>>> print(open('start-v5.cif').read())   # mmCIF, C-alpha atoms
data_final
loop_
_atom_site.label_atom_id
_atom_site.label_comp_id
_atom_site.auth_asym_id
_atom_site.auth_seq_id
_atom_site.Cartn_x
_atom_site.Cartn_y
_atom_site.Cartn_z
CA MET A 1 64.35 -13.05 -48.95
CA THR A 2 61.66 -11.17 -47.12
CA ALA A 3 58.57 -9.77 -48.79
CA SER A 4 59.79 -6.21 -48.61
CA ALA A 5 63.12 -7.17 -50.06
CA THR A 6 61.49 -8.82 -53.08
CA SER A 7 59.25 -5.87 -53.73
CA ALA A 8 62.20 -3.55 -53.55
CA ALA A 9 64.06 -5.83 -55.94
CA SER A 10 61.21 -5.68 -58.44
CA ALA A 11 61.12 -1.93 -58.02
CA GLN A 12 64.73 -1.96 -59.11
CA ASP A 13 63.79 -3.92 -62.24
CA ASN A 14 61.36 -1.16 -63.13
CA THR A 15 63.89 1.60 -62.80
CA SER A 16 67.07 -0.15 -63.85
CA ALA A 17 66.27 -0.22 -67.57
CA GLY A 18 66.78 3.49 -68.02
CA GLN A 19 69.41 3.87 -65.31
CA ASP A 20 71.80 1.09 -66.19
CA LYS A 21 74.12 3.24 -68.24
CA THR A 22 74.64 5.90 -65.62
CA ASN A 23 74.74 3.57 -62.66
CA ALA A 24 77.12 1.04 -64.15
CA ALA A 25 79.75 3.69 -64.67
CA GLY A 26 82.83 2.42 -62.92
CA SER A 27 80.91 0.28 -60.44
CA ARG A 28 81.24 -3.44 -59.96
CA GLY A 29 77.80 -3.99 -61.42
CA SER A 30 75.96 -6.89 -59.85
CA GLN A 31 74.90 -6.28 -56.30
CA PRO A 32 75.82 -8.34 -53.27
CA PRO A 33 73.23 -10.45 -51.43
CA VAL A 34 71.17 -8.43 -48.99
CA PRO A 35 71.86 -9.60 -45.43
CA GLU A 36 69.12 -10.77 -43.09
CA GLY A 37 67.53 -7.89 -41.21
CA ALA A 38 68.63 -5.19 -43.65
CA ILE A 39 66.51 -2.09 -44.08
CA THR A 40 66.43 0.16 -47.11
CA ILE A 41 67.81 3.58 -46.43
CA THR A 42 67.72 6.63 -48.65
CA VAL A 43 71.17 8.11 -48.88
CA LYS A 44 70.94 11.66 -50.12
CA ILE A 45 74.33 12.86 -51.25
CA ARG A 46 75.34 16.35 -52.26
CA ARG A 47 77.23 15.84 -55.47
CA PHE A 48 79.34 18.17 -57.54
CA ASN A 49 81.36 17.45 -60.62
CA THR A 50 83.15 20.54 -61.88
CA GLU A 51 83.19 19.07 -65.40
CA PHE A 52 79.42 18.87 -65.76
CA ASP A 53 77.73 20.73 -62.94
CA ASP A 54 77.35 24.48 -62.61
CA GLU A 55 76.45 24.04 -58.97
CA PRO A 56 76.16 21.17 -56.51
CA ARG A 57 73.09 18.95 -56.76
CA TRP A 58 71.41 16.33 -54.63
CA GLU A 59 71.28 12.70 -55.61
CA SER A 60 69.45 9.98 -53.72
CA PHE A 61 70.28 6.30 -53.58
CA GLN A 62 68.37 3.43 -52.01
CA VAL A 63 70.83 1.34 -50.05
CA PRO A 64 70.18 -1.79 -47.97
CA ALA A 65 71.84 -1.48 -44.60
CA LEU A 66 72.07 -3.23 -41.27
CA PRO A 67 71.63 -1.11 -38.14
CA THR A 68 75.20 -2.05 -37.22
CA ASP A 69 76.57 -0.70 -40.49
CA ARG A 70 78.56 2.49 -40.55
CA VAL A 71 77.68 5.36 -42.87
CA LEU A 72 80.91 4.54 -44.70
CA ASN A 73 79.41 1.15 -45.63
CA LEU A 74 76.53 2.96 -47.30
CA LEU A 75 78.94 5.07 -49.33
CA HIS A 76 80.89 1.94 -50.30
CA HIS A 77 77.66 0.32 -51.43
CA VAL A 78 76.84 3.31 -53.61
CA LYS A 79 80.32 3.52 -55.09
CA TRP A 80 80.82 -0.19 -55.63
CA TYR A 81 77.39 -1.23 -56.86
CA LEU A 82 75.30 1.78 -57.84
CA ASP A 83 77.44 4.62 -59.10
CA GLY A 84 81.19 4.29 -59.36
CA THR A 85 81.60 7.99 -60.05
CA LEU A 86 80.84 8.89 -56.43
CA THR A 87 83.99 10.43 -54.99
CA PHE A 88 85.00 10.55 -51.35
CA ARG A 89 88.10 10.04 -49.22
CA ARG A 90 88.63 7.19 -46.83
CA SER A 91 91.71 5.31 -45.85
CA CYS A 92 91.74 3.27 -42.66
CA ALA A 93 87.96 3.22 -42.21
CA HIS A 94 88.41 2.85 -38.46
CA GLY A 95 88.43 6.40 -37.14
CA ILE A 96 92.20 6.81 -37.03
CA CYS A 97 93.34 8.36 -40.30
CA GLY A 98 90.73 11.14 -40.36
CA SER A 99 90.13 10.96 -44.12
CA ASP A 100 86.38 10.58 -44.25
CA ALA A 101 85.19 13.71 -42.48
CA MET A 102 81.86 14.77 -43.98
CA ARG A 103 78.63 16.45 -43.01
CA ILE A 104 76.21 13.68 -42.04
CA ASN A 105 72.66 14.81 -41.32
CA GLY A 106 73.90 18.35 -40.94
CA VAL A 107 76.83 17.82 -38.60
CA ASN A 108 80.50 17.05 -39.21
CA ARG A 109 81.32 13.43 -38.46
CA LEU A 110 83.67 10.68 -39.62
CA ALA A 111 81.63 8.39 -41.89
CA CYS A 112 83.46 5.40 -40.41
CA LYS A 113 82.41 6.24 -36.85
CA VAL A 114 78.68 6.90 -37.31
CA LEU A 115 76.41 3.86 -37.07
CA VAL A 116 73.22 3.54 -39.08
CA LYS A 117 71.25 2.58 -35.97
CA ASP A 118 71.92 6.02 -34.48
CA LEU A 119 70.43 7.74 -37.54
CA LEU A 120 67.27 5.65 -37.95
CA ALA A 121 64.04 7.61 -38.11
CA GLY A 122 61.74 6.89 -35.21
CA GLY A 123 58.24 5.43 -35.45
CA GLY A 124 59.02 3.03 -38.30
CA LYS A 125 59.35 5.88 -40.80
CA ALA A 126 61.65 5.62 -43.80
CA THR A 127 65.15 6.82 -42.99
CA THR A 128 66.99 9.37 -45.09
CA ILE A 129 70.63 10.10 -44.39
CA THR A 130 71.98 13.34 -45.82
CA ILE A 131 75.66 13.49 -46.68
CA GLU A 132 77.45 16.65 -47.74
CA PRO A 133 81.08 17.69 -48.06
CA ILE A 134 82.55 19.57 -45.11
CA LYS A 135 81.90 23.29 -45.29
CA GLY A 136 84.36 26.11 -45.85
CA LEU A 137 86.90 24.29 -48.02
CA PRO A 138 86.76 24.28 -51.84
CA VAL A 139 84.97 21.18 -53.22
CA HIS A 140 86.96 19.28 -55.86
CA LYS A 141 84.34 16.64 -56.51
CA ASP A 142 81.37 15.29 -54.56
CA LEU A 143 82.56 14.81 -50.98
CA LEU A 144 86.20 15.46 -51.79
CA VAL A 145 87.43 18.88 -50.67
CA ASP A 146 90.74 20.69 -51.04
CA MET A 147 92.41 20.29 -47.65
CA GLU A 148 95.35 22.54 -48.49
CA PRO A 149 94.05 25.73 -46.75
CA PHE A 150 93.46 23.60 -43.68
CA PHE A 151 96.97 22.13 -43.67
CA GLU A 152 98.45 25.52 -44.41
CA ALA A 153 96.97 26.87 -41.17
CA PHE A 154 98.21 23.74 -39.37
CA ARG A 155 101.78 24.21 -40.61
CA ALA A 156 101.72 27.90 -39.74
CA VAL A 157 101.58 27.22 -35.98
CA LYS A 158 104.81 25.17 -36.05
CA PRO A 159 103.30 21.88 -34.91
CA TYR A 160 106.59 20.19 -34.00
CA LEU A 161 108.92 20.13 -31.03
CA ILE A 162 111.21 23.14 -30.84
CA ASN A 163 113.97 23.01 -28.24
CA TYR A 164 117.05 25.22 -28.38
CA GLY A 165 118.91 23.40 -25.62
CA GLN A 166 121.49 20.69 -25.81
CA GLU A 167 119.99 17.54 -27.25
CA PRO A 168 119.83 14.93 -24.49
CA THR A 169 121.49 11.58 -25.06
CA ARG A 170 118.42 9.80 -23.81
CA GLU A 171 114.69 10.72 -23.92
CA ARG A 172 113.40 14.09 -22.76
CA ILE A 173 112.02 13.52 -19.28
CA GLN A 174 108.57 14.88 -18.42
CA SER A 175 106.46 14.45 -15.31
CA ALA A 176 103.05 12.83 -15.55
CA ALA A 177 101.45 16.09 -14.40
CA ASP A 178 103.21 18.05 -17.15
CA ARG A 179 102.18 15.47 -19.73
CA GLU A 180 98.59 15.71 -18.54
CA ARG A 181 98.40 19.41 -19.41
CA PHE A 182 98.27 18.80 -23.15
CA ASP A 183 97.02 15.22 -23.18
CA ASP A 184 93.67 16.13 -24.70
CA THR A 185 95.16 17.92 -27.70
CA THR A 186 97.53 15.06 -28.61
CA LYS A 187 94.50 13.11 -29.85
CA CYS A 188 93.99 15.22 -32.98
CA ILE A 189 93.92 13.28 -36.27
CA LEU A 190 93.61 16.35 -38.54
CA CYS A 191 90.30 15.30 -40.04
CA ALA A 192 89.11 18.94 -40.26
CA CYS A 193 85.75 18.17 -38.62
CA CYS A 194 86.28 21.01 -36.13
CA THR A 195 87.65 23.67 -38.44
CA THR A 196 84.89 23.15 -41.01
CA SER A 197 82.17 23.21 -38.33
CA CYS A 198 83.19 26.71 -37.27
CA PRO A 199 80.84 29.51 -38.43
CA VAL A 200 83.75 31.93 -38.22
CA TYR A 201 85.88 29.75 -40.52
CA TRP A 202 83.07 29.50 -43.12
CA THR A 203 83.00 33.25 -43.57
CA GLU A 204 86.61 34.09 -42.76
CA GLY A 205 88.90 31.54 -44.38
CA SER A 206 91.97 33.35 -43.11
CA TYR A 207 91.10 32.33 -39.53
CA PHE A 208 93.57 29.71 -38.33
CA GLY A 209 90.68 27.51 -37.25
CA PRO A 210 90.21 25.18 -34.28
CA ALA A 211 92.46 22.36 -35.54
CA ALA A 212 95.50 24.59 -35.95
CA ILE A 213 94.96 26.06 -32.47
CA VAL A 214 94.55 22.58 -30.98
CA ASN A 215 97.87 21.55 -32.48
CA ALA A 216 99.53 24.74 -31.29
CA HIS A 217 98.10 24.05 -27.81
CA ARG A 218 99.69 20.60 -27.90
CA PHE A 219 103.16 22.20 -28.04
CA ILE A 220 102.52 25.46 -26.18
CA PHE A 221 101.72 23.53 -23.01
CA ASP A 222 104.45 20.92 -23.50
CA SER A 223 107.17 21.45 -20.87
CA ARG A 224 109.80 20.05 -23.26
CA ASP A 225 109.05 22.66 -25.90
CA GLU A 226 110.63 26.13 -25.87
CA ALA A 227 108.73 27.93 -28.59
CA ALA A 228 105.49 28.63 -26.74
CA GLU A 229 106.09 32.38 -27.13
CA GLU A 230 106.57 32.08 -30.90
CA ARG A 231 103.33 30.18 -31.29
CA LEU A 232 101.43 32.51 -28.97
CA ASP A 233 102.68 35.42 -31.08
CA ILE A 234 101.38 33.74 -34.22
CA LEU A 235 97.98 33.09 -32.61
CA ASN A 236 97.77 36.63 -31.18
CA ASP A 237 97.06 37.74 -34.75
CA VAL A 238 93.61 39.07 -35.80
CA ASP A 239 93.09 35.72 -37.49
CA GLY A 240 94.31 33.85 -34.45
CA VAL A 241 92.52 32.75 -31.30
CA TRP A 242 90.60 36.02 -30.93
CA ARG A 243 88.40 35.11 -33.88
CA CYS A 244 86.89 32.32 -31.77
CA ARG A 245 83.30 33.13 -30.77
CA THR A 246 82.87 30.05 -28.55
CA THR A 247 80.05 28.46 -30.53
CA PHE A 248 81.25 25.02 -29.40
CA ASN A 249 80.53 23.50 -32.82
CA CYS A 250 84.13 22.27 -32.90
CA THR A 251 83.85 20.50 -29.56
CA ASP A 252 80.62 18.87 -30.73
CA ALA A 253 82.15 17.81 -34.07
CA CYS A 254 85.46 16.35 -32.86
CA PRO A 255 85.41 12.59 -33.47
CA ARG A 256 88.19 12.16 -30.90
CA GLY A 257 86.28 13.93 -28.16
CA ILE A 258 88.85 16.69 -27.80
CA GLN A 259 87.52 19.64 -25.80
CA VAL A 260 88.47 21.96 -28.64
CA THR A 261 86.85 25.14 -27.36
CA LYS A 262 88.47 24.59 -23.96
CA ALA A 263 91.88 24.28 -25.63
CA ILE A 264 91.28 27.51 -27.56
CA GLN A 265 90.24 29.24 -24.34
CA GLU A 266 93.42 28.02 -22.62
CA VAL A 267 95.49 29.56 -25.39
CA LYS A 268 93.50 32.81 -25.06
CA ARG A 269 94.11 32.90 -21.32
CA ALA A 270 97.80 32.08 -21.80
CA LEU A 271 97.96 35.16 -24.03
CA LEU A 272 96.02 37.35 -21.60
CA PHE A 273 97.73 36.35 -18.40
CA LYS A 274 101.08 35.11 -19.73
CA ARG A 275 100.58 31.82 -17.97
CA VAL A 276 101.97 28.89 -19.93
CA MET B 277 69.36 -2.82 -53.43
CA ALA B 278 67.28 -0.61 -55.70
CA SER B 279 69.20 2.03 -57.50
CA THR B 280 66.76 4.88 -57.86
CA THR B 281 68.62 8.01 -58.71
CA ALA B 282 65.39 9.99 -58.81
CA PRO B 283 66.23 12.82 -61.23
CA ALA B 284 62.85 14.52 -60.79
CA ALA B 285 63.21 14.69 -57.03
CA GLY B 286 66.75 15.95 -57.49
CA ALA B 287 65.53 18.84 -59.61
CA THR B 288 63.01 20.07 -57.07
CA GLU B 289 65.48 19.69 -54.26
CA ARG B 290 67.96 21.74 -56.17
CA ALA B 291 65.39 24.44 -56.85
CA GLY B 292 64.95 25.17 -53.16
CA ASP B 293 68.64 25.57 -52.65
CA SER B 294 70.77 28.67 -52.79
CA ARG B 295 74.41 29.36 -53.62
CA GLY B 296 75.34 25.69 -53.39
CA GLY B 297 75.62 26.08 -49.66
CA GLY B 298 73.78 22.88 -48.84
CA THR B 299 71.71 22.43 -45.74
CA LEU B 300 71.86 24.37 -42.52
CA TYR B 301 74.62 23.22 -40.18
CA ARG B 302 72.96 21.63 -37.17
CA GLY B 303 75.43 23.11 -34.77
CA ASP B 304 75.89 22.87 -31.04
CA LEU B 305 73.56 24.70 -28.66
CA GLY B 306 76.42 27.17 -28.28
CA MET B 307 76.11 28.08 -31.96
CA TRP B 308 72.43 28.98 -31.59
CA SER B 309 73.14 31.02 -28.48
CA TRP B 310 75.75 32.86 -30.54
CA VAL B 311 73.29 33.43 -33.39
CA ALA B 312 70.72 34.79 -30.91
CA HIS B 313 73.44 36.95 -29.34
CA ARG B 314 74.20 38.49 -32.75
CA ILE B 315 70.53 39.09 -33.58
CA THR B 316 69.69 40.66 -30.21
CA GLY B 317 72.85 42.77 -30.48
CA VAL B 318 71.89 44.13 -33.90
CA LEU B 319 68.31 44.79 -32.75
CA THR B 320 69.60 46.68 -29.72
CA PHE B 321 71.90 48.70 -31.95
CA PHE B 322 69.00 49.75 -34.15
CA PHE B 323 67.02 50.75 -31.09
CA LEU B 324 69.93 52.85 -29.81
CA PHE B 325 70.22 54.48 -33.22
CA ALA B 326 66.55 55.52 -33.17
CA HIS B 327 66.81 56.43 -29.51
CA VAL B 328 69.75 58.77 -30.01
CA LEU B 329 67.88 60.46 -32.86
CA ASP B 330 64.63 60.98 -30.95
CA THR B 331 66.40 62.16 -27.82
CA ALA B 332 68.44 64.58 -29.91
CA LEU B 333 65.16 66.19 -30.92
CA VAL B 334 65.15 67.93 -27.54
CA ARG B 335 67.91 70.10 -28.97
CA VAL B 336 65.65 70.99 -31.90
CA SER B 337 62.74 71.88 -29.70
CA PRO B 338 61.08 70.34 -26.66
CA ASN B 339 57.83 70.54 -28.56
CA ALA B 340 59.05 68.40 -31.42
CA TYR B 341 60.40 65.92 -28.90
CA ASP B 342 57.03 65.73 -27.14
CA LYS B 343 55.25 65.18 -30.45
CA VAL B 344 57.51 62.30 -31.43
CA ILE B 345 57.24 60.70 -28.00
CA GLU B 346 53.46 61.00 -28.26
CA THR B 347 53.50 58.81 -31.38
CA TYR B 348 55.18 56.08 -29.33
CA LYS B 349 52.17 55.74 -27.06
CA ASN B 350 50.42 52.95 -28.92
CA PRO B 351 50.13 49.18 -28.44
CA ILE B 352 52.53 48.27 -31.25
CA VAL B 353 55.39 50.34 -29.85
CA ASN B 354 54.54 48.84 -26.47
CA LEU B 355 55.18 45.39 -27.97
CA PHE B 356 58.44 46.67 -29.45
CA GLU B 357 59.42 47.85 -25.98
CA LEU B 358 58.79 44.40 -24.62
CA GLY B 359 60.88 42.94 -27.44
CA LEU B 360 63.65 45.42 -26.65
CA VAL B 361 63.70 44.43 -22.99
CA GLY B 362 63.79 40.77 -24.03
CA ALA B 363 66.64 41.36 -26.49
CA VAL B 364 68.71 43.45 -24.08
CA LEU B 365 68.15 41.00 -21.24
CA TYR B 366 69.21 38.00 -23.35
CA HIS B 367 72.22 39.88 -24.70
CA ALA B 368 73.30 40.90 -21.21
CA LEU B 369 72.84 37.47 -19.65
CA ASN B 370 74.50 35.64 -22.52
CA GLY B 371 77.28 38.21 -22.42
CA ILE B 372 77.98 37.15 -18.85
CA ARG B 373 77.94 33.52 -19.95
CA VAL B 374 80.41 34.23 -22.76
CA MET B 375 82.69 36.10 -20.35
CA LEU B 376 82.61 33.14 -17.99
CA VAL B 377 83.44 30.80 -20.88
CA ASP B 378 86.37 33.09 -21.70
CA PHE B 379 87.78 33.78 -18.26
CA TRP B 380 86.65 30.99 -15.95
CA SER B 381 88.72 27.86 -16.48
CA LYS B 382 85.67 25.62 -16.04
CA GLY B 383 83.53 27.84 -18.28
CA PRO B 384 83.78 25.71 -21.44
CA LYS B 385 82.77 22.64 -19.45
CA TYR B 386 79.63 24.25 -18.07
CA GLN B 387 78.61 26.26 -21.14
CA ARG B 388 75.37 24.30 -21.61
CA PRO B 389 74.13 24.42 -18.00
CA MET B 390 75.04 28.11 -18.01
CA LEU B 391 72.91 28.64 -21.11
CA TRP B 392 69.94 26.88 -19.46
CA ILE B 393 70.45 29.00 -16.34
CA ILE B 394 70.46 32.28 -18.24
CA LEU B 395 67.41 31.21 -20.24
CA ALA B 396 65.64 30.35 -16.99
CA ILE B 397 66.55 33.75 -15.55
CA TRP B 398 65.34 35.35 -18.78
CA VAL B 399 61.95 33.65 -18.49
CA VAL B 400 61.63 34.40 -14.78
CA VAL B 401 62.35 38.10 -15.37
CA MET B 402 60.29 38.39 -18.54
CA ILE B 403 57.04 36.99 -17.10
CA PRO B 404 56.51 39.77 -14.51
CA GLY B 405 58.24 42.20 -16.89
CA ALA B 406 55.74 41.47 -19.65
CA TYR B 407 52.89 41.70 -17.15
CA PHE B 408 53.82 45.14 -15.92
CA MET B 409 54.80 46.48 -19.32
CA LEU B 410 51.66 45.31 -21.11
CA GLU B 411 49.17 45.70 -18.26
CA ARG B 412 48.21 49.26 -19.16
CA THR B 413 47.97 48.63 -22.91
CA VAL B 414 45.84 45.52 -22.42
CA SER B 415 43.49 47.26 -20.00
CA ASN B 416 43.23 50.25 -22.35
CA LEU B 417 42.41 47.99 -25.28
CA PHE B 418 40.15 45.46 -23.64
CA GLY B 419 39.48 46.90 -20.20
CA GLY B 420 35.92 47.74 -19.18
CA LYS B 421 36.65 51.11 -17.61
#
>>> encode(input="start-v5.cif", output="structure tokens")
Amino acid sequence: MTASATSAASAQDNTSAGQDKTNAAGSRGSQPPVPEGAITITVKIRRFNTEFDDEPRWESFQVPALPTDRVLNLLHHVKWYLDGTLTFRRSCAHGICGSDAMRINGVNRLACKVLVKDLLAGGGKATTITIEPIKGLPVHKDLLVDMEPFFEAFRAVKPYLINYGQEPTRERIQSAADRERFDDTTKCILCACCTTSCPVYWTEGSYFGPAAIVNAHRFIFDSRDEAAEERLDILNDVDGVWRCRTTFNCTDACPRGIQVTKAIQEVKRALLFKRV
Amino acid sequence: MASTTAPAAGATERAGDSRGGGTLYRGDLGMWSWVAHRITGVLTFFFLFAHVLDTALVRVSPNAYDKVIETYKNPIVNLFELGLVGAVLYHALNGIRVMLVDFWSKGPKYQRPMLWIILAIWVVVMIPGAYFMLERTVSNLFGGK
């Protein structure tokens, strides 16, 4: 062990006496060996337990991490070894399922896609990583939010193929150029990073939000689909695309690199000029 | 490795926080341009409100109008005027940018360069603008004549 690691370990001895009870709750207890080259990072998490807390509070944890670790690893360390009561969602942990969307250092990101090395403080200063739940959705506990309003908006735009014609015996043929038109919006994993980064959505929860519009775009511009008009009608509502103020937070937040604002603008122009 | 759940630090951090809203969202450049657009828009509205009122004084009496306008001739109002020009200019330029984002198919792609361009235009216009608008006040205040 390095000198700094030992001193940190003794620091733990000093504090652990009074903290053991709270920290052992539900965690695996003994901590894993600290890997070579690990640095201690302060993970500041916005916590909220409706049973005990009147309002959300901050809690900081000291976590050893490698620069190649993901922020999700830090959360695992906290939950498994320091405080088992920490609550967050994650499923695949590889940027596909979209469960672990959270606000990391002030911006919406997937915890499994952000590396520690990209968040390190410059000039050898101690690094603090701030983690908060995504904004604009009701918090159930800690980083866990109620996704239902988000999915409700998603379902409202009819995000499935609608075709009134005769069902073909084989696949529905589409040209590469036609497929290209909505390629970008097929990448959505419904993580809610975009919708909860939108200043309009924070204050106006009835706004459909970027994710719902992205998924409407995916079918509106699909040549095999016949319900573009229906979806455009839905999004022509006051709470539809016109609520977008082009702040580009959604484009910045999307972990799949979808040009969200561009998709919203394409839907707006389809409505204005009837070009689908 | 150390599990320091600093309760004291937590308390002070909580004290500086309001409504459980957490920290400020560090949004895209486009978000800040939108915030500035809102602020300059509201400022311009308040100016127009005052402006309509003072201009309407002509209907009361030209004398009253002259009196009110006379109170405007001081350095502080001169600074306000400069601020008004700055606000209106930003609002107008960013308005063009927003329209391009809305109607030009490549607008969303070039939103950042467009913001830098309008800010550059703003600076280029404001430097001589500030010079000519403040020249008289500055020479009245500090001038040797």
>>> closest_residue(input="start-v5.cif", among="B:Gly419, B:Trp398, B:Ile403, B:Pro338", to="B:Val364", atoms="all atoms listed in the file")
B:Trp398
>>> resolve_selection(input="start-v5.cif", expression="the PyMOL selection byres ((chain A) within 7 of (chain B))", output="MDAnalysis selection string")
chainID A and resid 8:9 11:12 15 55:64 82 106:107 247:249 252 261:262 265
>>> atom_distance(input="start-v5.cif", atom1="atom CA of A:Thr128", atom2="atom CA of A:Lys44")
6.8 Å
>>> resolve_selection(input="start-v5.cif", expression="the PyMOL selection byres ((chain A and resi 260) around 7)", output="PyMOL selection string")
chain A and resi 210+214+250-251+258-259+261-264
>>> write_last_selection(input="start-v5.cif", atoms="C-alpha atoms", output="CSV table (one decimal), in the frame of the given file")
chain,number,residue,atom,x,y,z
A,210,PRO,CA,90.2,25.2,-34.3
A,214,VAL,CA,94.6,22.6,-31.0
A,250,CYS,CA,84.1,22.3,-32.9
A,251,THR,CA,83.8,20.5,-29.6
A,258,ILE,CA,88.8,16.7,-27.8
A,259,GLN,CA,87.5,19.6,-25.8
A,261,THR,CA,86.8,25.1,-27.4
A,262,LYS,CA,88.5,24.6,-24.0
A,263,ALA,CA,91.9,24.3,-25.6
A,264,ILE,CA,91.3,27.5,-27.6
>>> resolve_selection(input="start-v5.cif", expression="the PyMOL selection byres ((chain B and resi 317) around 12)", output="list in words")
Ser309, Trp310, Val311, Ala312, His313, Arg314, Ile315, Thr316, Val318, Leu319, Thr320, Phe321, Phe322, Phe323, Leu324, Leu360, Val361, Gly362, Ala363, Val364, Leu365, Tyr366, His367, Ala368, Asn370 and Gly371 of chain B
>>> atom_distance(input="start-v5.cif", atom1="atom CA of A:Lys158", atom2="atom CA of A:Asp222")
13.3 Å
>>> atom_distance(input="start-v5.cif", atom1="atom CA of B:Tyr407", atom2="atom CA of B:Asn350")
16.5 Å
>>> residues_around(input="start-v5.cif", residues="stretch 232-239 of chain A", least_positions_apart="4", cutoff="12 Å", atoms="only C-alpha atoms", output="NGL selection string")
:A and (153-158 or 200-201 or 204-210 or 212-217 or 219-221 or 226-228 or 243-244 or 264-276)
>>> closest_residue(input="start-v5.cif", among="A:Pro133, A:Gly240, A:Pro138, A:Gly98", to="A:Ala192", atoms="only C-alpha atoms")
A:Gly98
>>> closest_residue(input="start-v5.cif", among="A:Arg47, A:Arg231, A:Arg218, A:Arg170", to="A:Asp83", atoms="only C-alpha atoms")
A:Arg47
>>> residues_around(input="start-v5.cif", residues="B:Glu357", least_positions_apart="6", cutoff="10 Å", atoms="only C-alpha atoms", output="list in words")
Phe323, Tyr348, Pro351, Ala363, Ala406, Met409 and Leu410 of chain B
